[in-house]
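Colleague: Submitted below is the structure of interest, expressed as structure tokens.
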Amino acid sequence: MKRKTIYYYLCMFLMFLSVSAMAQKNAIADADNAFKNMKYFDAIDMYKKAFTDGKVKKDQKAKVIFQVAECYRAIGDAKQEEQWYAKAIKAKYPDPKAILYMADAQKQEGNYDDAVTSYKQYMDQVPSDPRGADGVKSCELAGKWKNAPTRYVVTNMAQLNTKFEDFAPCYADRRYDELYFTSTRPGSGNDKIDPGLGQSYSDLFETKMDKNGKWSTPTPLPAPVNSDDNEGEATFDKSFKTMYFTRCGVLKNKGVHCKIYSAERKGTAWDQPVLLAFQTDTVTYGHPSLSADGETLFFASDLAGGYGGKDIWMSKYDKKTKSWGEPINLGADINTPGNEVFPFIHSDGTLYFSSDGHPGMGGLDIFKAQKTGTDKWGNVTNMMAPINSEGDDFGIIFEGTKERGYFSSNRQNGKGSDDIYSFNLPPILYVITGTVRDKDTKKPVKSAIVRMVGSDGTDVALLTDTGGHYTFGANGGSRYISGNTSYILNADGSKVEYLASDVKANVTTVGVSESKTWIEDFELQHASVDVAIRFPKVQYALDKADLTGDSKDSLNFLVKLLNNNPTIIIELDAHTDQQGSVGHNKPLSQARAQSCVNYLISQGIDSARLKAKGWWFSKPLIKTEVIAKMKTKQEKDAAYAINRRTEFRVLSFNYVPKGYKMSHLDSVRMQHMHVSGQGQDYGSDTTDINNQQDQPAPGNAPAPAPQGNQPKAPAPNNGTGTNPKKN
């Protein structure tokens with residue numbers, strides 16, 4: 001694939017080989033001269049034609065093959081580059097850098113295993129050169145990054161790209177809906193072919209986004225910005241009235257050099273470009289990027305005093321003289337013996353740039369460096385896949401402070417040679433969802449309250465829908481789930497006559513770096529005056545109402561339940577079996593129920609929430625006539641044991657203790673219900689109940705004990721004893 005026109009006029013300037021002026025054949029000399037003048041596309045044909053015409057002597061063969069490979073390297077065709085370096089090595093080209101460059105080409109093709117082999121061969125021949133070991137390291141890292149990409153989403157901007165080179169986008173207005181970019185597509189008015197790359201000379205094009213998010217057909221900027229030379233890589237000041245861009249022209253007897261120009265906007269047109277004064281004729285400058293305050297210009301250059309091929313430099317604007325100062329190199333933390341190009345200075349001070357000197361995935365990789373001090377940057381980090389690829393990745397820009405923007409790449413499966421890609425970093429989305437069901441029937445519970453409390457102070461609640469479903473985190477706002485936070489969830493059905501769940505869900509986003517959904521389901525116990533609810537077995541002393549130690553443990557279940565359901569009023573129901581007289585069992589059952597109430601009061605439960613009721617054997621689960629028909633004493637004893645039980649039922653959900661400051665969540669429960677207690681203080685908190693107006697719920701005032709011999713939905717709970725002396 002072909003690389004960007006202006007990048008290679010920058011990067012290849014120091015690659016010129018000193019070719020022999022004493023070539024015995026004019027064909028080789030002409031090809032060497034074309035290469036020297038960066039006419040790489042023409043030089044390829046000239047070298048190949050010399051082979052075809054038999055004008056290459058045996059002792060020149062390896063060198064000419066190597067020169068063809070160098071031409072392909074200059075125009076960025078890694079596939080051909082790899083093949084011709086391999087041919088040069090086979091022809092015994094003596095310089096080991098043919099192996100190094102072949103390894104580089106293999107890496108750019110994504111052939112990491114082959115590249116590692118070639119880098120190691122180079123290490124064997126030139127152990128002192130770190131590029132061999134660095135190449136091996138890069139291939140190893142590239143494999144890891146490719147298999148574990150970051151969360152960035154990268155998309156080819158097919159609307160803007162062509163089969164030609166399209167690269168180096170920049171925002172051209174403060175609304176971020178206009179782009180300038182560089183392209184070698186035809187149609188700019190200059191029909192000449194650049195002999196360096198075999199495509200049209202590059203120009204700056206503009207495109208605008210409509211209200212539907214569609215980009216307009218790109219059009220070239222008119223003269224005097226675009227010319228017969230190569231133009232590209234623009235940047236703007238914060239008012240978008242001044243533009244800086246690169247122009248690469250041929251200077252008489254000095255070859256091709258790139259320079260940075262500025263131009264002022266005059267209405268809808270651009271004024272005559274002006275060459276920045278700090279530049280010298282024999283040095284290449286390009287890829288300008290202006291800081292947010294407009295006082296520092298970053299660029300790439302092969303200025304003397306650098307660290308390698310192209311380095312990142314900066315120039316400071318002097319407001320007094322209204323001129324740009326002498327270039328300052330950004331130092332060894334940024335620059336390497338390779339090439340550092342296409343700088344972009346983010347509004348937060350972070351420096352982004354492309355490099356083939358830092359360990360990367362392919363040719364040019366995009367890196368970022370943190371601002372470490374005044375005019376200092378360090379902690380260089382590779383942006384990894386999918387921002388980077390096995391190809392050249394460069395020219396990144398950001399939309400203000402947002403984690404989205406555009407960059408250029410000649411990666412595989414693109415539309416052309418260099419293409420423009422968009423990127424964005426989607427937010428990490430945490431979602432907690434689930435279903436609330438009836439514990440017995442497993443049917444969904446509508447309008448149950450699911451409450452979520454976070455370690456960051458979050459306290460929100462939702463009502464379940466008709467399917468019993470709830471979701472936190474899907475809609476943002478007050479229900480957004482944050483990172484590095486732990487949450488506790490529980491379900492409460494008091495608004496619809498269900499007890500709060502005795503099981504809480506614990507969810508944490510601490511250490512979770514990817515979007516994730518947790519499913520937390522709850523089951524609620526239906527509770528009403530006609531529903532008897534079992535709880536752990538209560539034990540009494542023989543034929544007495546005294547609680548044993550084990551029974552106190554059982555009753556602690558009720559303590560927890562009452563604390564978790566602070567608005568319920570319950571009745572404790574004690575039942576005996578049918579053995580013995582009513583006169584004996586009735587007061588015994590009442591005393592046992594009262595013993596349970598007394599214990600709950602001792603544990604801090606308000607007596608106003610408790611009622612004791614002894615039912616003796618008036619509500620057997622298994623009737624006397626059924627037991628009488630059983631054949632064995634063992635069966636009868638078991639049946640009597642089932643009838644001996646202590647249960648509770650919920651009489652009301654509307655208890656409010658004296659002095660209690662009611663929350664909004666409690667007020668939802670209490671809405672349109674009769675309130676018991678005195679001295680209520682109806683406060684409110686920020687609890688969010690699905691952003692809805694709650695509908696009236698049926699009132700549930702304390703009801704008298706149910707009459708009749710059989711509860712509608714009894715649940716057995718064993719007591720002790722099988723005759724009057726054991727009840």
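Each chain in the structure tokens gets a letter, A, B, ..., in the order shown, and its residues are numbered from 1; ligands are numbered from 1 in order too.
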Near stretch 66-73 of chain A, within 6 Å and counting only C-alpha atoms, which residues show up once chain neighbours fewer than 2 positions away are dropped, as JSON, numbers by chain?
Modeller: {"A": [40, 44, 63, 64, 75, 76, 77, 81, 84, 85, 88]}
Colleague: Counting only C-alpha atoms, what is within 7 Å of A:Leu204, bar same-chain residues fewer than 2 positions away, as a list in words?
Modeller: Tyr180, Phe181, Thr182, Ser183, Glu206, Pro220, Leu221, Asn226, Glu231 and Gly232 of chain A
Colleague: Determine which residues of stretch 185-262 of chain A DSSP labels as strand (DSSP E) from the backbone of this structure, then write them out as number ranges by chain.
Modeller: A: 203-208, 219-220, 230-236, 242-251, 255-262
Colleague: So that I have them on file, write out the residues from the current selection with N, CA, C and O atoms, as a short mmCIF file (atom, residue, chain, number, x, y, z; two decimals), in the first residue's frame.
Modeller:
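Saved to out.cif:
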```
data_model
loop_
_atom_site.label_atom_id
_atom_site.label_comp_id
_atom_site.auth_asym_id
_atom_site.auth_seq_id
_atom_site.Cartn_x
_atom_site.Cartn_y
_atom_site.Cartn_z
N ASP A 203 -3.75 17.56 -2.35
CA ASP A 203 -4.36 18.85 -2.07
C ASP A 203 -5.18 18.75 -0.80
O ASP A 203 -5.51 17.65 -0.32
N LEU A 204 -5.55 19.90 -0.25
CA LEU A 204 -6.46 19.97 0.88
C LEU A 204 -7.90 19.98 0.37
O LEU A 204 -8.23 20.75 -0.55
N PHE A 205 -8.73 19.14 0.96
CA PHE A 205 -10.15 19.06 0.61
C PHE A 205 -10.97 19.39 1.85
O PHE A 205 -10.51 19.22 2.99
N GLU A 206 -12.19 19.84 1.63
CA GLU A 206 -13.09 20.11 2.75
C GLU A 206 -14.41 19.37 2.56
O GLU A 206 -14.84 19.12 1.43
N THR A 207 -15.04 19.02 3.68
CA THR A 207 -16.35 18.38 3.68
C THR A 207 -17.11 18.85 4.90
O THR A 207 -16.50 19.16 5.93
N LYS A 208 -18.44 18.92 4.79
CA LYS A 208 -19.27 19.39 5.89
C LYS A 208 -20.34 18.35 6.21
O LYS A 208 -20.85 17.68 5.31
N THR A 219 -14.65 18.62 -1.53
CA THR A 219 -14.25 19.51 -2.61
C THR A 219 -12.89 20.11 -2.27
O THR A 219 -12.59 20.39 -1.10
N PRO A 220 -12.03 20.32 -3.28
CA PRO A 220 -10.70 20.88 -3.01
C PRO A 220 -10.77 22.36 -2.67
O PRO A 220 -11.64 23.09 -3.16
N ASN A 230 2.48 19.77 -3.59
CA ASN A 230 1.71 18.95 -2.66
C ASN A 230 1.34 19.78 -1.43
O ASN A 230 2.22 20.40 -0.81
N GLU A 231 0.05 19.80 -1.07
CA GLU A 231 -0.42 20.44 0.15
C GLU A 231 -1.10 19.41 1.05
O GLU A 231 -1.67 18.43 0.58
N GLY A 232 -1.02 19.70 2.35
CA GLY A 232 -1.70 18.80 3.28
C GLY A 232 -1.47 19.16 4.73
O GLY A 232 -0.81 20.15 5.05
N GLU A 233 -2.04 18.34 5.63
CA GLU A 233 -1.87 18.43 7.09
C GLU A 233 -2.08 19.83 7.63
O GLU A 233 -1.14 20.55 7.93
N ALA A 234 -3.33 20.20 7.81
CA ALA A 234 -3.66 21.54 8.29
C ALA A 234 -3.97 21.52 9.78
O ALA A 234 -4.28 20.48 10.37
N THR A 235 -3.89 22.69 10.39
CA THR A 235 -4.31 22.90 11.78
C THR A 235 -4.80 24.34 11.89
O THR A 235 -4.40 25.20 11.09
N PHE A 236 -5.68 24.62 12.87
CA PHE A 236 -6.30 25.93 12.99
C PHE A 236 -6.09 26.51 14.39
O PHE A 236 -5.90 25.78 15.36
N THR A 242 -7.16 31.46 11.33
CA THR A 242 -5.80 31.25 10.83
C THR A 242 -5.55 29.76 10.67
O THR A 242 -5.84 28.97 11.58
N MET A 243 -5.04 29.38 9.52
CA MET A 243 -4.73 27.97 9.23
C MET A 243 -3.24 27.83 8.97
O MET A 243 -2.61 28.68 8.32
N TYR A 244 -2.67 26.76 9.50
CA TYR A 244 -1.29 26.38 9.21
C TYR A 244 -1.34 25.07 8.45
O TYR A 244 -2.11 24.16 8.81
N PHE A 245 -0.54 24.93 7.41
CA PHE A 245 -0.56 23.69 6.62
C PHE A 245 0.82 23.44 6.02
O PHE A 245 1.72 24.30 6.09
N THR A 246 0.98 22.28 5.44
CA THR A 246 2.26 21.87 4.84
C THR A 246 2.18 21.99 3.33
O THR A 246 1.16 21.65 2.72
N ARG A 247 3.26 22.48 2.74
CA ARG A 247 3.39 22.50 1.28
C ARG A 247 4.77 21.97 0.93
O ARG A 247 5.78 22.42 1.49
N CYS A 248 4.81 21.01 0.01
CA CYS A 248 6.08 20.41 -0.43
C CYS A 248 6.33 20.80 -1.88
O CYS A 248 5.59 20.40 -2.78
N GLY A 249 7.37 21.57 -2.08
CA GLY A 249 7.71 22.02 -3.42
C GLY A 249 9.14 21.72 -3.77
O GLY A 249 9.95 21.34 -2.91
N VAL A 250 9.47 21.88 -5.03
CA VAL A 250 10.84 21.64 -5.51
C VAL A 250 11.58 22.97 -5.54
O VAL A 250 11.16 23.92 -6.20
N LEU A 251 12.66 23.02 -4.77
CA LEU A 251 13.52 24.20 -4.78
C LEU A 251 14.65 23.98 -5.77
O LEU A 251 15.24 22.90 -5.83
N GLY A 255 16.32 20.04 -4.47
CA GLY A 255 15.40 18.93 -4.31
C GLY A 255 14.07 19.34 -3.72
O GLY A 255 13.72 20.53 -3.69
N VAL A 256 13.34 18.32 -3.26
CA VAL A 256 12.01 18.56 -2.71
C VAL A 256 12.12 18.79 -1.21
O VAL A 256 12.72 18.00 -0.49
N HIS A 257 11.51 19.86 -0.75
CA HIS A 257 11.47 20.14 0.68
C HIS A 257 10.07 20.60 1.05
O HIS A 257 9.40 21.27 0.28
N CYS A 258 9.66 20.22 2.27
CA CYS A 258 8.34 20.60 2.77
C CYS A 258 8.50 21.75 3.76
O CYS A 258 9.44 21.78 4.54
N LYS A 259 7.54 22.66 3.71
CA LYS A 259 7.56 23.82 4.59
C LYS A 259 6.17 24.06 5.16
O LYS A 259 5.16 23.63 4.61
N ILE A 260 6.12 24.78 6.29
CA ILE A 260 4.86 25.12 6.93
C ILE A 260 4.48 26.55 6.56
O ILE A 260 5.31 27.47 6.65
N TYR A 261 3.23 26.71 6.14
CA TYR A 261 2.71 28.02 5.75
C TYR A 261 1.52 28.37 6.64
O TYR A 261 0.86 27.49 7.20
N SER A 262 1.23 29.64 6.75
CA SER A 262 0.01 30.10 7.41
C SER A 262 -0.84 30.86 6.40
O SER A 262 -0.31 31.44 5.43
#
```
Colleague: Choose the residue, out of A:Ser227, A:Thr374, A:Ser409, A:Thr567, that has the smallest atom-to-atom separation from A:Ser389; count only C-alpha atoms.
Modeller: A:Ser409
Colleague: Measuring atom to atom with only C-alpha atoms, identify which of A:Lys322, A:Lys623, A:Lys55, A:Arg175 is nearest to A:Leu276.
Modeller: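 Nearest to A:Leu276: A:Lys322.
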Colleague: Leaving out A:Val626 and any residue of its chain fewer than 4 positions from it, which residues lie within 10 Å of it when counting only C-alpha atoms, given as an NGL selection string?
Modeller: :A and (622 or 630 or 636 or 639)
Colleague: For A:Arg265, work out the shell of residues within 10 Å, counting only C-alpha atoms and skipping chain neighbours fewer than 5 positions away, then give it as a list in words.
Modeller: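 Result of the neighbour search: Phe240, Lys241, Thr242, Met243, Trp270, Asp271 and Gln272 of chain A.
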Colleague: Generate the output file for the selected residues, C-alpha atoms, as a PDB file, in the first residue's frame.
Modeller:
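File written: selection.pdb
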```pdb
ATOM      1  CA  PHE A 240     -10.578  29.095  12.965  1.00  0.00           C
ATOM      2  CA  LYS A 241      -9.455  32.275  11.229  1.00  0.00           C
ATOM      3  CA  THR A 242      -5.802  31.249  10.830  1.00  0.00           C
ATOM      4  CA  MET A 243      -4.735  27.974   9.225  1.00  0.00           C
ATOM      5  CA  TRP A 270      -8.246  32.139   2.211  1.00  0.00           C
ATOM      6  CA  ASP A 271      -5.609  34.808   1.735  1.00  0.00           C
ATOM      7  CA  GLN A 272      -2.206  34.216   0.188  1.00  0.00           C
TER       8      GLN A 272
END
```
Colleague: Go through A:Val225, A:Met38, A:Lys120, A:Asn161 and flag the residue nearest A:Ala269, using only C-alpha atoms for the distances.
Modeller: A:Val225
Colleague: Give me the residues within 10 Å of A:Asp502 as an MDAnalysis selection string, counting only C-alpha atoms and dropping any in the same chain fewer than 3 places off.
Modeller: chainID A and resid 490:492 499 522:525 557 560:561 564:565
Colleague: Selection from above, N, CA and C atoms, as a compact mmCIF listing (two decimals), in the first residue's frame, can you write it?
Modeller:
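Listed below is the output, again_32.txt:
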```txt
# COMPACT_ATOMS: atom_id res chain seq x y z
N ASN A 490 -32.23 -4.83 47.46
CA ASN A 490 -33.24 -5.71 48.04
C ASN A 490 -34.59 -5.35 47.47
N ALA A 491 -35.52 -6.29 47.56
CA ALA A 491 -36.87 -6.10 47.03
C ALA A 491 -37.86 -6.01 48.17
N ASP A 492 -38.83 -5.13 48.02
CA ASP A 492 -39.85 -4.90 49.04
C ASP A 492 -41.20 -4.87 48.35
N LEU A 499 -43.86 -9.23 51.68
CA LEU A 499 -42.80 -8.88 52.62
C LEU A 499 -41.51 -8.58 51.86
N PHE A 522 -35.29 -11.83 42.71
CA PHE A 522 -35.77 -11.88 44.09
C PHE A 522 -37.08 -12.66 44.14
N GLU A 523 -37.31 -13.29 45.29
CA GLU A 523 -38.58 -13.94 45.57
C GLU A 523 -39.17 -13.31 46.83
N LEU A 524 -40.45 -12.97 46.77
CA LEU A 524 -41.13 -12.32 47.88
C LEU A 524 -42.25 -13.21 48.43
N GLN A 525 -42.39 -13.15 49.72
CA GLN A 525 -43.45 -13.90 50.39
C GLN A 525 -44.73 -13.06 50.42
N PHE A 557 -35.63 -14.78 63.85
CA PHE A 557 -36.02 -14.66 62.45
C PHE A 557 -37.09 -13.59 62.30
N LYS A 560 -35.66 -9.99 62.76
CA LYS A 560 -35.05 -9.51 61.52
C LYS A 560 -36.12 -9.13 60.51
N LEU A 561 -37.15 -9.97 60.39
CA LEU A 561 -38.21 -9.71 59.43
C LEU A 561 -38.94 -8.41 59.75
N ASN A 564 -36.78 -5.49 58.88
CA ASN A 564 -36.70 -5.31 57.43
C ASN A 564 -38.00 -4.80 56.85
N ASN A 565 -39.09 -4.95 57.59
CA ASN A 565 -40.41 -4.51 57.14
C ASN A 565 -40.98 -3.58 58.22
```
Colleague: For a quick check of understanding, using only C-alpha atoms, which of A:Ile570, A:Ala532, A:Ile89, A:Ala641 has the smallest distance to A:Lys61?
Modeller: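 Closest to A:Lys61 of all the choices is A:Ile89.
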Colleague: Would you list the contacts of A:Thr381 as a PyMOL selection string, taking every protein, DNA or RNA residue within 9 Å and counting only C-alpha atoms, but skipping same-chain residues closer than 5 positions in sequence?
Modeller: chain A and resi 366-370
Colleague: Generate a file of the selected residues that holds N, CA, C and O atoms, formatted as an mmCIF file, in the first residue's frame.
Modeller:
```cif
data_model
loop_
_atom_site.group_PDB
_atom_site.id
_atom_site.type_symbol
_atom_site.label_atom_id
_atom_site.label_comp_id
_atom_site.auth_asym_id
_atom_site.auth_seq_id
_atom_site.Cartn_x
_atom_site.Cartn_y
_atom_site.Cartn_z
ATOM 1 N N ILE A 366 0.357 5.058 16.523
ATOM 2 C CA ILE A 366 -0.033 6.272 17.233
ATOM 3 C C ILE A 366 0.260 6.096 18.720
ATOM 4 O O ILE A 366 -0.093 5.073 19.321
ATOM 5 N N PHE A 367 0.904 7.096 19.296
ATOM 6 C CA PHE A 367 1.280 7.089 20.707
ATOM 7 C C PHE A 367 0.717 8.335 21.385
ATOM 8 O O PHE A 367 0.401 9.327 20.730
ATOM 9 N N LYS A 368 0.624 8.278 22.700
ATOM 10 C CA LYS A 368 0.279 9.472 23.461
ATOM 11 C C LYS A 368 1.302 9.659 24.575
ATOM 12 O O LYS A 368 1.849 8.686 25.109
ATOM 13 N N ALA A 369 1.560 10.906 24.913
ATOM 14 C CA ALA A 369 2.519 11.244 25.962
ATOM 15 C C ALA A 369 1.874 12.246 26.906
ATOM 16 O O ALA A 369 1.285 13.238 26.467
ATOM 17 N N GLN A 370 2.005 12.001 28.189
ATOM 18 C CA GLN A 370 1.427 12.881 29.191
ATOM 19 C C GLN A 370 2.294 14.130 29.368
ATOM 20 O O GLN A 370 3.513 14.071 29.237
#
```
Colleague: Report as a ChimeraX atom specification all protein, DNA and RNA residues lying within 12 Å of stretch 148-157 of chain A, evaluated on only C-alpha atoms, omitting residues in the same chain fewer than 5 positions from it.
Modeller: /A:141-143,162,166-167,169,214-215,382-389,403-416,418-429,513-515
Colleague: Could you write those residues out with C-alpha atoms, as a short mmCIF file (atom, residue, chain, number, x, y, z; two decimals), in the first residue's frame?
Modeller:
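Saved file result.cif follows:
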```
data_model
loop_
_atom_site.label_atom_id
_atom_site.label_comp_id
_atom_site.auth_asym_id
_atom_site.auth_seq_id
_atom_site.Cartn_x
_atom_site.Cartn_y
_atom_site.Cartn_z
CA LEU A 141 3.42 -6.90 21.90
CA ALA A 142 1.51 -6.61 18.63
CA GLY A 143 0.24 -10.17 19.00
CA THR A 162 -11.44 6.81 -2.29
CA ASP A 166 -7.03 10.22 1.94
CA PHE A 167 -5.45 11.17 5.25
CA PRO A 169 -8.08 15.10 8.83
CA LYS A 214 -23.92 12.77 6.54
CA TRP A 215 -20.74 14.24 5.11
CA ASN A 382 1.10 2.95 22.56
CA MET A 383 -2.60 3.38 21.70
CA MET A 384 -2.69 -0.34 20.80
CA ALA A 385 -5.34 -2.08 18.69
CA PRO A 386 -7.75 -1.21 17.20
CA ILE A 387 -6.38 2.35 16.91
CA ASN A 388 -3.10 0.84 15.73
CA SER A 389 -2.65 -1.95 13.21
CA GLU A 403 -12.98 10.44 23.42
CA ARG A 404 -13.76 10.43 19.73
CA GLY A 405 -12.35 11.80 16.53
CA TYR A 406 -10.52 10.67 13.39
CA PHE A 407 -7.18 9.31 12.25
CA SER A 408 -5.56 7.89 9.11
CA SER A 409 -4.39 4.39 8.30
CA ASN A 410 -3.32 2.24 5.38
CA ARG A 411 -4.36 -0.93 7.24
CA GLN A 412 -5.60 -3.95 5.35
CA ASN A 413 -9.16 -4.11 4.00
CA GLY A 414 -9.38 -0.35 3.60
CA LYS A 415 -11.04 1.40 0.68
CA GLY A 416 -7.82 2.80 -0.75
CA ASP A 418 -4.54 5.64 3.07
CA ASP A 419 -8.05 5.99 4.47
CA ILE A 420 -9.67 8.17 7.11
CA TYR A 421 -11.16 6.31 10.07
CA SER A 422 -13.41 7.50 12.86
CA PHE A 423 -12.95 6.30 16.42
CA ASN A 424 -14.85 6.60 19.66
CA LEU A 425 -14.59 5.15 23.13
CA PRO A 426 -18.04 3.97 24.18
CA PRO A 427 -18.84 4.41 27.86
CA ILE A 428 -18.58 1.42 30.15
CA LEU A 429 -22.18 0.49 30.88
CA SER A 513 -13.22 -2.51 33.23
CA GLU A 514 -15.71 -3.79 30.65
CA SER A 515 -19.44 -3.26 30.23
#
```
Colleague: So the first atom is atom CA of A:Tyr93 and the second is atom CA of A:Ala62; what is the distance between them in Å, to one decimal place?
Modeller: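 Taking atom CA of A:Tyr93 as the start and atom CA of A:Ala62 as the end point, the length is 5.1 Å.
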Colleague: From the set A:Phe535, A:Phe278, A:Phe653, A:Tyr47, which residue has the shortest atom-to-atom contact distance to A:Ile568, counting only C-alpha atoms?
Modeller: A:Phe653
Colleague: Compare A:Gly305, A:Pro657, A:Gly196, A:Gly468 by their minimum atom-to-atom distance to A:Pro566, counting only C-alpha atoms, and give me the closest one.
Modeller: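 Among the listed residues, A:Pro657 lies closest to A:Pro566.
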